[in-house]
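What's in protein.cif: mmCIF, C-alpha atoms
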```cif
data_run
loop_
_atom_site.group_PDB
_atom_site.id
_atom_site.type_symbol
_atom_site.label_atom_id
_atom_site.label_comp_id
_atom_site.auth_asym_id
_atom_site.auth_seq_id
_atom_site.Cartn_x
_atom_site.Cartn_y
_atom_site.Cartn_z
ATOM 1 C CA MET A 758 46.457 87.424 23.343
ATOM 2 C CA PRO A 759 42.795 88.434 23.774
ATOM 3 C CA ILE A 760 42.774 90.673 20.669
ATOM 4 C CA ILE A 761 42.479 88.601 17.517
ATOM 5 C CA VAL A 762 43.400 90.085 14.148
ATOM 6 C CA ASN A 763 41.215 88.903 11.318
ATOM 7 C CA LEU A 764 43.150 90.688 8.610
ATOM 8 C CA ASP A 765 43.679 87.509 6.608
ATOM 9 C CA VAL A 766 39.900 86.952 6.537
ATOM 10 C CA MET A 767 39.259 90.441 5.174
ATOM 11 C CA MET A 768 42.093 90.122 2.682
ATOM 12 C CA ALA A 769 40.601 86.870 1.411
ATOM 13 C CA ARG A 770 37.166 88.495 1.065
ATOM 14 C CA ARG A 771 38.571 91.435 -0.861
ATOM 15 C CA LYS A 772 40.880 89.107 -2.811
ATOM 16 C CA ILE A 773 43.980 91.124 -2.147
ATOM 17 C CA SER A 774 47.455 89.791 -1.431
ATOM 18 C CA LEU A 775 49.741 90.817 1.391
ATOM 19 C CA ASN A 776 52.241 92.542 -0.865
ATOM 20 C CA GLU A 777 49.561 94.473 -2.694
ATOM 21 C CA LEU A 778 47.905 95.619 0.526
ATOM 22 C CA SER A 779 51.266 96.617 2.006
ATOM 23 C CA GLU A 780 51.977 98.784 -1.041
ATOM 24 C CA ARG A 781 48.588 100.467 -0.847
ATOM 25 C CA VAL A 782 48.737 101.262 2.864
ATOM 26 C CA ASN A 783 52.445 102.139 2.759
ATOM 27 C CA ILE A 784 53.589 99.565 5.281
ATOM 28 C CA THR A 785 56.345 97.027 4.780
ATOM 29 C CA PRO A 786 55.198 93.458 4.061
ATOM 30 C CA ALA A 787 57.115 92.353 7.139
ATOM 31 C CA ASN A 788 55.139 94.674 9.422
ATOM 32 C CA LEU A 789 51.881 93.707 7.801
ATOM 33 C CA SER A 790 52.783 90.076 8.292
ATOM 34 C CA ILE A 791 53.449 90.781 11.975
ATOM 35 C CA LEU A 792 49.955 92.245 12.207
ATOM 36 C CA LYS A 793 48.343 89.419 10.252
ATOM 37 C CA THR A 794 49.938 86.687 12.380
ATOM 38 C CA GLY A 795 48.893 88.352 15.614
ATOM 39 C CA LYS A 796 52.408 89.118 16.830
ATOM 40 C CA ALA A 797 51.913 92.875 16.856
ATOM 41 C CA LYS A 798 51.873 94.586 20.252
ATOM 42 C CA ALA A 799 50.096 97.716 19.050
ATOM 43 C CA ILE A 800 48.648 99.322 15.961
ATOM 44 C CA ARG A 801 48.616 102.999 15.156
ATOM 45 C CA PHE A 802 45.353 104.674 14.276
ATOM 46 C CA SER A 803 46.885 105.897 11.046
ATOM 47 C CA THR A 804 47.681 102.308 10.036
ATOM 48 C CA LEU A 805 44.219 101.073 11.031
ATOM 49 C CA GLU A 806 42.650 103.905 9.090
ATOM 50 C CA ALA A 807 44.688 103.089 5.980
ATOM 51 C CA ILE A 808 43.848 99.365 6.157
ATOM 52 C CA CYS A 809 40.136 99.991 6.694
ATOM 53 C CA LYS A 810 40.105 102.412 3.802
ATOM 54 C CA GLU A 811 41.751 99.937 1.429
ATOM 55 C CA LEU A 812 39.694 96.955 2.541
ATOM 56 C CA ASP A 813 36.506 99.009 2.806
ATOM 57 C CA CYS A 814 35.674 97.685 6.255
ATOM 58 C CA GLN A 815 35.255 98.709 9.873
ATOM 59 C CA PRO A 816 37.939 98.303 12.565
ATOM 60 C CA GLY A 817 35.711 95.717 14.184
ATOM 61 C CA ASP A 818 35.934 93.598 11.050
ATOM 62 C CA ILE A 819 39.689 93.369 11.513
ATOM 63 C CA LEU A 820 40.008 93.370 15.290
ATOM 64 C CA GLU A 821 38.116 91.059 17.609
ATOM 65 C CA TRP A 822 38.276 90.601 21.334
ATOM 66 C CA LYS A 823 38.001 87.121 22.753
ATOM 67 C CA ASP A 824 38.133 86.189 26.416
ATOM 68 C CA VAL A 825 41.025 83.678 26.594
ATOM 69 C CA SER A 826 40.025 82.486 30.049
ATOM 70 C CA GLU A 827 37.038 80.637 28.538
ATOM 71 C CA MET B 146 67.759 110.755 11.758
ATOM 72 C CA LYS B 147 66.344 111.881 15.103
ATOM 73 C CA ASN B 148 68.739 109.559 16.941
ATOM 74 C CA GLU B 149 71.911 110.748 15.207
ATOM 75 C CA PRO B 150 72.987 113.245 17.924
ATOM 76 C CA ASN B 151 72.221 110.632 20.570
ATOM 77 C CA GLN B 152 74.188 107.979 18.682
ATOM 78 C CA LYS B 153 77.126 110.360 18.296
ATOM 79 C CA ARG B 154 77.084 111.073 22.023
ATOM 80 C CA ILE B 155 77.015 107.352 22.765
ATOM 81 C CA ILE B 156 80.015 106.809 20.483
ATOM 82 C CA ILE B 157 81.962 109.715 22.008
ATOM 83 C CA LEU B 158 81.173 108.634 25.575
ATOM 84 C CA SER B 159 82.100 105.025 24.784
ATOM 85 C CA VAL B 160 85.483 106.077 23.442
ATOM 86 C CA LEU B 161 86.050 108.430 26.403
ATOM 87 C CA ALA B 162 85.082 105.685 28.835
ATOM 88 C CA ALA B 163 87.529 103.268 27.216
ATOM 89 C CA LEU B 164 90.320 105.869 27.325
ATOM 90 C CA ALA B 165 89.551 106.821 30.932
ATOM 91 C CA TYR B 166 89.489 103.198 31.967
ATOM 92 C CA GLY B 167 92.791 102.523 30.234
ATOM 93 C CA PHE B 168 94.340 105.584 31.889
ATOM 94 C CA ILE B 169 93.113 104.581 35.354
ATOM 95 C CA MET B 170 94.368 101.023 34.936
ATOM 96 C CA LEU B 171 97.801 102.119 33.689
ATOM 97 C CA ASN B 172 98.088 104.768 36.376
ATOM 98 C CA ASP B 173 97.216 102.297 39.125
ATOM 99 C CA LEU B 174 99.513 99.681 37.635
ATOM 100 C CA PHE B 175 102.568 101.957 37.450
ATOM 101 C CA SER B 176 101.994 103.515 40.840
ATOM 102 C CA ASP B 177 101.554 100.137 42.477
ATOM 103 C CA ILE B 178 103.900 98.063 40.342
ATOM 104 C CA HIS B 179 106.638 98.247 42.916
ATOM 105 C CA SER B 180 104.122 97.231 45.594
ATOM 106 C CA VAL B 181 102.824 94.404 43.422
ATOM 107 C CA ARG B 182 106.337 93.073 42.944
ATOM 108 C CA SER B 183 106.954 93.313 46.667
ATOM 109 C CA GLY B 184 103.683 91.598 47.273
ATOM 110 C CA PHE B 185 102.007 94.347 49.236
ATOM 111 C CA ASP B 186 99.869 97.386 48.544
ATOM 112 C CA GLY B 187 99.456 100.799 50.050
ATOM 113 C CA ASP B 188 101.349 104.018 50.277
ATOM 114 C CA GLU B 189 104.900 104.338 51.425
ATOM 115 C CA PHE B 190 107.437 106.966 52.185
ATOM 116 C CA ARG B 191 111.067 106.905 53.121
ATOM 117 C CA ILE B 192 111.836 106.249 56.748
ATOM 118 C CA ILE B 193 115.022 106.140 58.647
ATOM 119 C CA HIS B 194 115.642 102.834 60.278
ATOM 120 C CA ASN B 195 118.871 102.295 62.087
ATOM 121 C CA GLU B 196 120.270 105.303 60.235
ATOM 122 C CA GLN B 197 119.649 103.624 56.945
ATOM 123 C CA VAL B 198 117.216 105.031 54.462
ATOM 124 C CA TYR B 199 115.017 102.482 52.762
ATOM 125 C CA ASP B 200 113.891 103.710 49.409
ATOM 126 C CA GLU B 201 111.835 102.086 46.687
ATOM 127 C CA SER B 202 114.703 100.247 45.031
ATOM 128 C CA GLN B 203 115.822 98.728 48.287
ATOM 129 C CA SER B 204 112.320 97.424 48.872
ATOM 130 C CA LEU B 205 113.003 94.889 46.145
ATOM 131 C CA THR B 206 116.025 93.519 48.010
ATOM 132 C CA HIS B 207 114.240 93.737 51.320
ATOM 133 C CA PRO B 208 111.254 91.482 50.708
ATOM 134 C CA LYS B 209 110.155 91.733 54.312
ATOM 135 C CA VAL B 210 108.882 95.245 54.031
ATOM 136 C CA TYR B 211 105.421 95.964 55.320
ATOM 137 C CA PHE B 212 103.235 98.893 54.420
ATOM 138 C CA LEU B 213 101.132 99.757 57.388
ATOM 139 C CA GLN B 214 98.534 102.298 58.251
ATOM 140 C CA ILE B 215 99.012 103.374 61.849
ATOM 141 C CA LYS B 216 97.368 105.809 64.223
ATOM 142 C CA PRO B 217 98.579 107.309 67.483
ATOM 143 C CA SER B 218 97.156 105.684 70.563
ATOM 144 C CA ARG B 219 96.919 108.883 72.541
ATOM 145 C CA GLY B 220 94.339 110.663 70.456
ATOM 146 C CA TYR B 221 94.132 113.609 68.095
ATOM 147 C CA ARG B 222 96.604 115.971 69.722
ATOM 148 C CA HIS B 223 99.503 113.615 69.796
ATOM 149 C CA TYR B 224 102.141 114.657 67.321
ATOM 150 C CA PRO B 225 104.837 112.060 67.706
ATOM 151 C CA ASP B 226 107.160 113.378 65.077
ATOM 152 C CA GLN B 227 108.456 116.535 63.615
ATOM 153 C CA ILE B 228 109.351 117.442 60.125
ATOM 154 C CA LYS B 229 111.435 120.306 58.822
ATOM 155 C CA ASN B 230 110.003 122.544 56.167
ATOM 156 C CA LEU B 231 113.011 123.513 54.104
ATOM 157 C CA LYS B 232 111.223 126.400 52.435
ATOM 158 C CA THR B 233 110.835 128.225 55.740
ATOM 159 C CA GLU B 234 113.499 126.393 57.793
ATOM 160 C CA THR B 235 110.973 125.697 60.513
ATOM 161 C CA ILE B 236 110.245 122.544 62.419
ATOM 162 C CA LEU B 237 106.626 121.573 62.207
ATOM 163 C CA PRO B 238 104.794 119.034 64.323
ATOM 164 C CA THR B 239 103.233 116.328 62.254
ATOM 165 C CA ARG B 240 101.429 113.047 62.440
ATOM 166 C CA PHE B 241 102.158 110.214 60.067
ATOM 167 C CA SER B 242 99.519 107.694 59.261
ATOM 168 C CA HIS B 243 101.436 105.393 56.962
ATOM 169 C CA ALA B 244 104.668 103.599 57.695
ATOM 170 C CA GLU B 245 107.055 101.405 55.774
ATOM 171 C CA ILE B 246 108.558 99.004 58.223
ATOM 172 C CA ALA B 247 111.595 96.962 57.280
ATOM 173 C CA ILE B 248 112.443 93.949 59.378
ATOM 174 C CA PRO B 249 115.685 91.994 59.331
ATOM 175 C CA GLU B 250 116.145 88.930 57.155
ATOM 176 C CA ASN B 251 116.406 86.490 60.049
ATOM 177 C CA TYR B 252 113.293 87.776 61.749
ATOM 178 C CA GLU B 253 111.314 84.995 63.378
ATOM 179 C CA PHE B 254 107.663 85.137 62.452
ATOM 180 C CA PRO B 255 104.999 84.007 64.881
ATOM 181 C CA THR B 256 103.036 80.837 64.148
ATOM 182 C CA GLY B 257 99.846 80.973 62.174
ATOM 183 C CA ILE B 258 101.182 83.476 59.690
ATOM 184 C CA LYS B 259 101.737 80.972 56.921
ATOM 185 C CA THR B 260 98.102 79.843 56.843
ATOM 186 C CA LEU B 261 96.807 83.386 56.712
ATOM 187 C CA LYS B 262 99.300 84.296 53.998
ATOM 188 C CA THR B 263 98.284 81.273 51.938
ATOM 189 C CA ILE B 264 94.617 82.159 52.202
ATOM 190 C CA ASN B 265 95.429 85.761 51.328
ATOM 191 C CA LEU B 266 97.365 84.561 48.312
ATOM 192 C CA PHE B 267 94.318 82.709 46.985
ATOM 193 C CA VAL B 268 92.169 85.785 47.546
ATOM 194 C CA ILE B 269 94.681 87.995 45.737
ATOM 195 C CA PHE B 270 94.849 85.495 42.884
ATOM 196 C CA SER B 271 91.057 85.638 42.567
ATOM 197 C CA ILE B 272 91.215 89.442 42.500
ATOM 198 C CA ILE B 273 93.783 89.299 39.709
ATOM 199 C CA ILE B 274 91.489 86.991 37.709
ATOM 200 C CA LEU B 275 88.652 89.467 38.159
ATOM 201 C CA PHE B 276 90.883 92.353 37.095
ATOM 202 C CA ILE B 277 91.485 90.443 33.863
ATOM 203 C CA ILE B 278 87.818 89.597 33.248
ATOM 204 C CA ILE B 279 86.454 93.070 34.067
ATOM 205 C CA PRO B 280 88.205 95.006 31.282
ATOM 206 C CA PHE B 281 87.231 92.408 28.657
ATOM 207 C CA THR B 282 83.590 92.635 29.695
ATOM 208 C CA PHE B 283 83.771 96.419 29.802
ATOM 209 C CA ILE B 284 85.374 96.713 26.361
ATOM 210 C CA ARG B 285 82.820 94.308 24.911
ATOM 211 C CA LEU B 286 80.028 96.490 26.269
ATOM 212 C CA LEU B 287 81.622 99.668 24.916
ATOM 213 C CA TRP B 288 82.154 98.055 21.503
ATOM 214 C CA SER B 289 78.505 97.066 21.375
ATOM 215 C CA LEU B 290 77.454 100.626 22.238
ATOM 216 C CA TYR B 291 79.901 102.024 19.696
ATOM 217 C CA ASN B 292 78.238 99.878 17.015
ATOM 218 C CA GLY B 293 74.839 101.332 17.840
ATOM 219 C CA TRP B 294 73.371 98.445 19.819
ATOM 220 C CA VAL B 295 72.010 100.114 22.906
ATOM 221 C CA PHE B 296 69.028 98.168 24.164
ATOM 222 C CA HIS B 297 70.273 94.700 23.445
ATOM 223 C CA LEU B 298 70.088 91.566 25.561
ATOM 224 C CA LYS B 299 73.866 91.060 25.419
ATOM 225 C CA ASN B 300 74.409 94.603 26.691
ATOM 226 C CA ILE B 301 72.080 93.961 29.583
ATOM 227 C CA GLN B 302 73.928 90.748 30.430
ATOM 228 C CA SER B 303 77.315 92.494 30.160
ATOM 229 C CA THR B 304 76.181 95.362 32.388
ATOM 230 C CA ARG B 305 74.755 92.983 34.958
ATOM 231 C CA LYS B 306 77.909 90.855 34.848
ATOM 232 C CA LEU B 307 80.082 93.953 35.329
ATOM 233 C CA GLY B 308 78.001 94.974 38.326
ATOM 234 C CA PHE B 309 78.409 91.599 40.009
ATOM 235 C CA LEU B 310 82.111 91.492 39.146
ATOM 236 C CA LEU B 311 82.741 94.899 40.729
ATOM 237 C CA ILE B 312 80.827 94.008 43.885
ATOM 238 C CA THR B 313 82.695 90.689 44.120
ATOM 239 C CA THR B 314 85.999 92.512 43.649
ATOM 240 C CA TYR B 315 85.057 94.939 46.433
ATOM 241 C CA ILE B 316 84.302 92.060 48.799
ATOM 242 C CA LEU B 317 87.489 90.177 47.903
ATOM 243 C CA ILE B 318 89.718 93.259 48.298
ATOM 244 C CA GLY B 319 88.105 93.892 51.681
ATOM 245 C CA CYS B 320 88.807 90.283 52.673
ATOM 246 C CA SER B 321 92.409 90.573 51.508
ATOM 247 C CA ASN B 322 92.923 93.808 53.447
ATOM 248 C CA TYR B 323 91.427 92.233 56.547
ATOM 249 C CA LEU B 324 93.655 89.172 56.211
ATOM 250 C CA SER B 325 96.680 91.475 55.827
ATOM 251 C CA HIS B 326 95.551 93.337 58.935
ATOM 252 C CA LEU B 327 95.343 90.053 60.877
ATOM 253 C CA ILE B 328 98.851 89.151 59.692
ATOM 254 C CA HIS B 329 100.205 92.567 60.699
ATOM 255 C CA GLN B 330 98.559 92.252 64.106
ATOM 256 C CA LYS B 331 100.380 88.979 64.687
ATOM 257 C CA ILE B 332 103.723 90.491 63.703
ATOM 258 C CA PHE B 333 103.602 94.043 65.097
ATOM 259 C CA TYR B 334 102.699 95.762 68.315
ATOM 260 C CA PHE B 335 104.010 99.311 68.648
ATOM 261 C CA GLN B 336 104.417 101.626 71.549
ATOM 262 C CA ASP B 337 102.161 104.674 71.190
ATOM 263 C CA TYR B 338 100.812 103.440 67.861
ATOM 264 C CA ARG B 339 98.105 101.072 66.864
ATOM 265 C CA LEU B 340 97.486 99.401 63.567
ATOM 266 C CA ALA B 341 94.635 100.899 61.621
ATOM 267 C CA PHE B 342 92.455 98.959 59.259
ATOM 268 C CA ARG B 343 90.765 100.314 56.191
ATOM 269 C CA LEU B 344 88.361 97.997 54.361
ATOM 270 C CA THR B 345 88.811 99.321 50.833
ATOM 271 C CA ASP B 346 87.644 102.106 48.555
ATOM 272 C CA ASN B 347 83.895 102.164 48.355
ATOM 273 C CA TYR B 348 83.731 103.319 44.753
ATOM 274 C CA LEU B 349 83.783 99.696 43.550
ATOM 275 C CA LEU B 350 80.674 98.899 45.559
ATOM 276 C CA ILE B 351 78.854 102.042 44.421
ATOM 277 C CA MET B 352 79.766 101.434 40.793
ATOM 278 C CA GLY B 353 78.691 97.803 41.015
ATOM 279 C CA ILE B 354 75.308 98.705 42.439
ATOM 280 C CA ALA B 355 74.884 101.504 39.896
ATOM 281 C CA LEU B 356 75.613 99.088 37.051
ATOM 282 C CA LEU B 357 73.091 96.573 38.378
ATOM 283 C CA LEU B 358 70.526 99.362 38.569
ATOM 284 C CA MET B 359 71.393 100.443 35.036
ATOM 285 C CA SER B 360 70.947 96.893 33.772
ATOM 286 C CA GLU B 361 67.418 96.815 35.168
ATOM 287 C CA ILE B 362 66.670 100.148 33.512
ATOM 288 C CA MET B 363 67.998 98.699 30.254
ATOM 289 C CA VAL B 364 65.653 95.731 30.650
ATOM 290 C CA ARG B 365 62.762 98.180 30.742
ATOM 291 C CA GLY B 366 64.223 99.988 27.769
ATOM 292 C CA LEU B 367 64.465 96.721 25.851
ATOM 293 C CA GLN B 368 60.836 95.942 26.603
ATOM 294 C CA LEU B 369 59.798 99.355 25.304
ATOM 295 C CA LYS B 370 61.943 98.866 22.207
ATOM 296 C CA GLU B 371 60.422 95.464 21.503
ATOM 297 C CA GLU B 372 56.952 96.916 21.882
ATOM 298 C CA GLN B 373 57.883 99.740 19.549
ATOM 299 C CA ASP B 374 59.332 97.297 17.019
ATOM 300 C CA LEU B 375 56.094 95.317 17.096
ATOM 301 C CA THR B 376 53.933 98.405 16.692
ATOM 302 C CA VAL B 377 52.515 98.493 13.179
#
```

If you took the structure in this file and wrote it as structure tokens, what would it be?
Amino acid sequence: MPIIVNLDVMMARRKISLNELSERVNITPANLSILKTGKAKAIRFSTLEAICKELDCQPGDILEWKDVSE
Amino acid sequence: MKNEPNQKRIIILSVLAALAYGFIMLNDLFSDIHSVRSGFDGDEFRIIHNEQVYDESQSLTHPKVYFLQIKPSRGYRHYPDQIKNLKTETILPTRFSHAEIAIPENYEFPTGIKTLKTINLFVIFSIIILFIIIPFTFIRLLWSLYNGWVFHLKNIQSTRKLGFLLITTYILIGCSNYLSHLIHQKIFYFQDYRLAFRLTDNYLLIMGIALLLMSEIMVRGLQLKEEQDLTV
């Protein structure tokens, strides 16, 4: 998929675990894991907003586009 | 919570569908059971043959009874028979389209009948197999819907399978009717009447196509559901 999720990178920088982040943003650990592993098909703005707020980052820090044809 | 009314409707419709299907099957079975035992299908009525009335019970002892659909050769305005309306004591012209023809026990059949009958027997056997498989597949689908699994891969497969089964049944019944027509043509040739041929009821074909269409719609629904499930 061309959109790469760098959530694990940001979580490592902020030193926060998956379970803790899921509690803070009010998402189940399973769903957050789906996002972290890149299996998610879509993300709601409300979820993105909550994650950015907790990790104190920009959406671009979490989401990256890469041309897979290269 | 939002889906509760929808889920209730699915449950109610599933139960109604199962009941309706059971009713249709039983109704068809009882109305045709005499025909099934005689080995033929179709409608029949009492006729007078050689001053002897052949009724349903006698059909069992007269295995060589044929149910035919016939039409007058002369066109629309030919009313070959009359019938008395006992309510008004009047004789009314009428035209019959179905006949129950009884032939004597020692009747000599023309050649070529046995092969056609054997082929027809295999076709009928295949139809019976399908009539056993179809309700199982249908009930499995209804049970899955009743349990709340709507957009599920197994449901899509069951719906698709049902569609193909119904279309196959339609084709096989048409083949069987045509084979019966060929057999009747070899045996009978009437003055002022000709044998009519009716393929079969088209509802099986329409239902089969509708189910195939529904299965494709369910595929789209499943894709949307999967996308929704993977939306964080």

Decode the PyMOL selection byres ((chain A and resi 801-811) around 10) for the given file into explicit residues and return them as a compact mmCIF listing (two decimals) with C-alpha atoms, in the frame of the given file.
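Done, and the output landed in part.txt:
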```txt
# COMPACT_ATOMS: atom_id res chain seq x y z
CA LEU A 764 43.15 90.69 8.61
CA MET A 767 39.26 90.44 5.17
CA MET A 768 42.09 90.12 2.68
CA ARG A 771 38.57 91.44 -0.86
CA ILE A 773 43.98 91.12 -2.15
CA LEU A 778 47.90 95.62 0.53
CA SER A 779 51.27 96.62 2.01
CA ARG A 781 48.59 100.47 -0.85
CA VAL A 782 48.74 101.26 2.86
CA ASN A 783 52.44 102.14 2.76
CA ILE A 784 53.59 99.56 5.28
CA LEU A 789 51.88 93.71 7.80
CA ALA A 799 50.10 97.72 19.05
CA ILE A 800 48.65 99.32 15.96
CA LEU A 812 39.69 96.96 2.54
CA ASP A 813 36.51 99.01 2.81
CA CYS A 814 35.67 97.68 6.26
CA GLN A 815 35.26 98.71 9.87
CA PRO A 816 37.94 98.30 12.56
CA GLY A 817 35.71 95.72 14.18
CA ASP A 818 35.93 93.60 11.05
CA ILE A 819 39.69 93.37 11.51
CA LEU A 820 40.01 93.37 15.29
CA THR B 376 53.93 98.40 16.69
CA VAL B 377 52.52 98.49 13.18
```

key: Neighbours of point (68.2, 93.3, 32.3) within 7 Å, using only C-alpha atoms, written as JSON, numbers by chain   = {"B": [301, 302, 360, 361, 363, 364]}

Residue IDs satisfying the PyMOL selection byres ((chain A and resi 798) around 12), as a list in words = Met758, Pro759, Ile760, Ile761, Val762, Asn788, Ile791, Leu792, Lys793, Thr794, Gly795, Lys796, Ala797, Ala799, Ile800 and Arg801 of chain A; Gln368, Leu369, Lys370, Glu371, Glu372, Gln373, Asp374, Leu375, Thr376 and Val377 of chain B

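Atom pair atom CA of Leu307 of chain B / atom CA of Ala162 of chain B: separated by 14.3 Å.
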
note = Shortest contact to chain B, candidates A:Asn776, A:Arg770, A:Ser790, A:Asn763, atoms counted only C-alpha atoms, goes to A:Ser790

key: the PyMOL selection byres ((chain B and resi 326) around 10) applied to the shown file, residues as a VMD selection string   = chain B and resid 213 to 214 320 to 325 327 to 332 340 to 344

Let's have the selection written as a PDB file, keeping the file's coordinate frame, with C-alpha atoms.
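Wrote it out as again_38.pdb, contents follow:
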```pdb
ATOM      1  CA  LEU B 213     101.132  99.757  57.388  1.00  0.00           C
ATOM      2  CA  GLN B 214      98.534 102.298  58.251  1.00  0.00           C
ATOM      3  CA  CYS B 320      88.807  90.283  52.673  1.00  0.00           C
ATOM      4  CA  SER B 321      92.409  90.573  51.508  1.00  0.00           C
ATOM      5  CA  ASN B 322      92.923  93.808  53.447  1.00  0.00           C
ATOM      6  CA  TYR B 323      91.427  92.233  56.547  1.00  0.00           C
ATOM      7  CA  LEU B 324      93.655  89.172  56.211  1.00  0.00           C
ATOM      8  CA  SER B 325      96.680  91.475  55.827  1.00  0.00           C
ATOM      9  CA  LEU B 327      95.343  90.053  60.877  1.00  0.00           C
ATOM     10  CA  ILE B 328      98.851  89.151  59.692  1.00  0.00           C
ATOM     11  CA  HIS B 329     100.205  92.567  60.699  1.00  0.00           C
ATOM     12  CA  GLN B 330      98.559  92.252  64.106  1.00  0.00           C
ATOM     13  CA  LYS B 331     100.380  88.979  64.687  1.00  0.00           C
ATOM     14  CA  ILE B 332     103.723  90.491  63.703  1.00  0.00           C
ATOM     15  CA  LEU B 340      97.486  99.401  63.567  1.00  0.00           C
ATOM     16  CA  ALA B 341      94.635 100.899  61.621  1.00  0.00           C
ATOM     17  CA  PHE B 342      92.455  98.959  59.259  1.00  0.00           C
ATOM     18  CA  ARG B 343      90.765 100.314  56.191  1.00  0.00           C
ATOM     19  CA  LEU B 344      88.361  97.997  54.361  1.00  0.00           C
TER      20      LEU B 344
END
```

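Between atom CA of Lys772 of chain A and atom CA of Pro786 of chain A there is a distance of 16.5 Å.
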
ask   = What lies within 12 Å of segment 272-289 of chain B using all atoms listed in the file, ignoring chain neighbours under 2 positions off, as a PyMOL selection string?
value = chain B and resi 155-167+169-170+173-174+181+265-270+291-322+349+353+356+360

query = Between atom CA of Leu350 of chain B and atom CA of Arg365 of chain B, what is the distance, to one decimal in Å?
reply =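 Separation of atom CA of Leu350 of chain B and atom CA of Arg365 of chain B: 23.3 Å.
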
For segment 803-808 of chain A, which lacks atoms in the input, supply all heavy atoms and format the output as a PDB file, keeping the file's coordinate frame.
```
ATOM      1  N   SER A 803      46.629 105.555  12.453  1.00  0.00           N
ATOM      2  CA  SER A 803      46.885 105.897  11.046  1.00  0.00           C
ATOM      3  C   SER A 803      46.964 104.619  10.204  1.00  0.00           C
ATOM      4  O   SER A 803      46.442 104.559   9.079  1.00  0.00           O
ATOM      5  CB  SER A 803      48.177 106.702  10.916  1.00  0.00           C
ATOM      6  OG  SER A 803      49.248 105.991  11.505  1.00  0.00           O
ATOM      7  N   THR A 804      47.577 103.589  10.744  1.00  0.00           N
ATOM      8  CA  THR A 804      47.681 102.308  10.036  1.00  0.00           C
ATOM      9  C   THR A 804      46.307 101.655   9.924  1.00  0.00           C
ATOM     10  O   THR A 804      45.923 101.154   8.843  1.00  0.00           O
ATOM     11  CB  THR A 804      48.628 101.354  10.784  1.00  0.00           C
ATOM     12  OG1 THR A 804      49.879 102.002  10.997  1.00  0.00           O
ATOM     13  CG2 THR A 804      48.835 100.066  10.030  1.00  0.00           C
ATOM     14  N   LEU A 805      45.567 101.670  11.022  1.00  0.00           N
ATOM     15  CA  LEU A 805      44.219 101.073  11.031  1.00  0.00           C
ATOM     16  C   LEU A 805      43.310 101.785  10.030  1.00  0.00           C
ATOM     17  O   LEU A 805      42.550 101.151   9.282  1.00  0.00           O
ATOM     18  CB  LEU A 805      43.650 101.162  12.445  1.00  0.00           C
ATOM     19  CG  LEU A 805      42.331 100.416  12.713  1.00  0.00           C
ATOM     20  CD1 LEU A 805      42.480  98.930  12.441  1.00  0.00           C
ATOM     21  CD2 LEU A 805      41.896 100.644  14.154  1.00  0.00           C
ATOM     22  N   GLU A 806      43.460 103.106  10.030  1.00  0.00           N
ATOM     23  CA  GLU A 806      42.650 103.905   9.090  1.00  0.00           C
ATOM     24  C   GLU A 806      42.973 103.528   7.652  1.00  0.00           C
ATOM     25  O   GLU A 806      42.064 103.326   6.824  1.00  0.00           O
ATOM     26  CB  GLU A 806      42.939 105.386   9.332  1.00  0.00           C
ATOM     27  CG  GLU A 806      42.169 106.316   8.420  1.00  0.00           C
ATOM     28  CD  GLU A 806      42.698 107.739   8.489  1.00  0.00           C
ATOM     29  OE1 GLU A 806      43.315 108.107   9.528  1.00  0.00           O
ATOM     30  OE2 GLU A 806      42.494 108.484   7.514  1.00  0.00           O
ATOM     31  N   ALA A 807      44.266 103.409   7.344  1.00  0.00           N
ATOM     32  CA  ALA A 807      44.688 103.089   5.980  1.00  0.00           C
ATOM     33  C   ALA A 807      44.196 101.704   5.561  1.00  0.00           C
ATOM     34  O   ALA A 807      43.726 101.505   4.427  1.00  0.00           O
ATOM     35  CB  ALA A 807      46.214 103.166   5.877  1.00  0.00           C
ATOM     36  N   ILE A 808      44.276 100.733   6.476  1.00  0.00           N
ATOM     37  CA  ILE A 808      43.848  99.365   6.157  1.00  0.00           C
ATOM     38  C   ILE A 808      42.330  99.314   5.933  1.00  0.00           C
ATOM     39  O   ILE A 808      41.842  98.716   4.967  1.00  0.00           O
ATOM     40  CB  ILE A 808      44.262  98.387   7.274  1.00  0.00           C
ATOM     41  CG1 ILE A 808      45.795  98.225   7.294  1.00  0.00           C
ATOM     42  CG2 ILE A 808      43.600  97.035   7.105  1.00  0.00           C
ATOM     43  CD1 ILE A 808      46.326  97.433   8.464  1.00  0.00           C
TER      44      ILE A 808
END
```
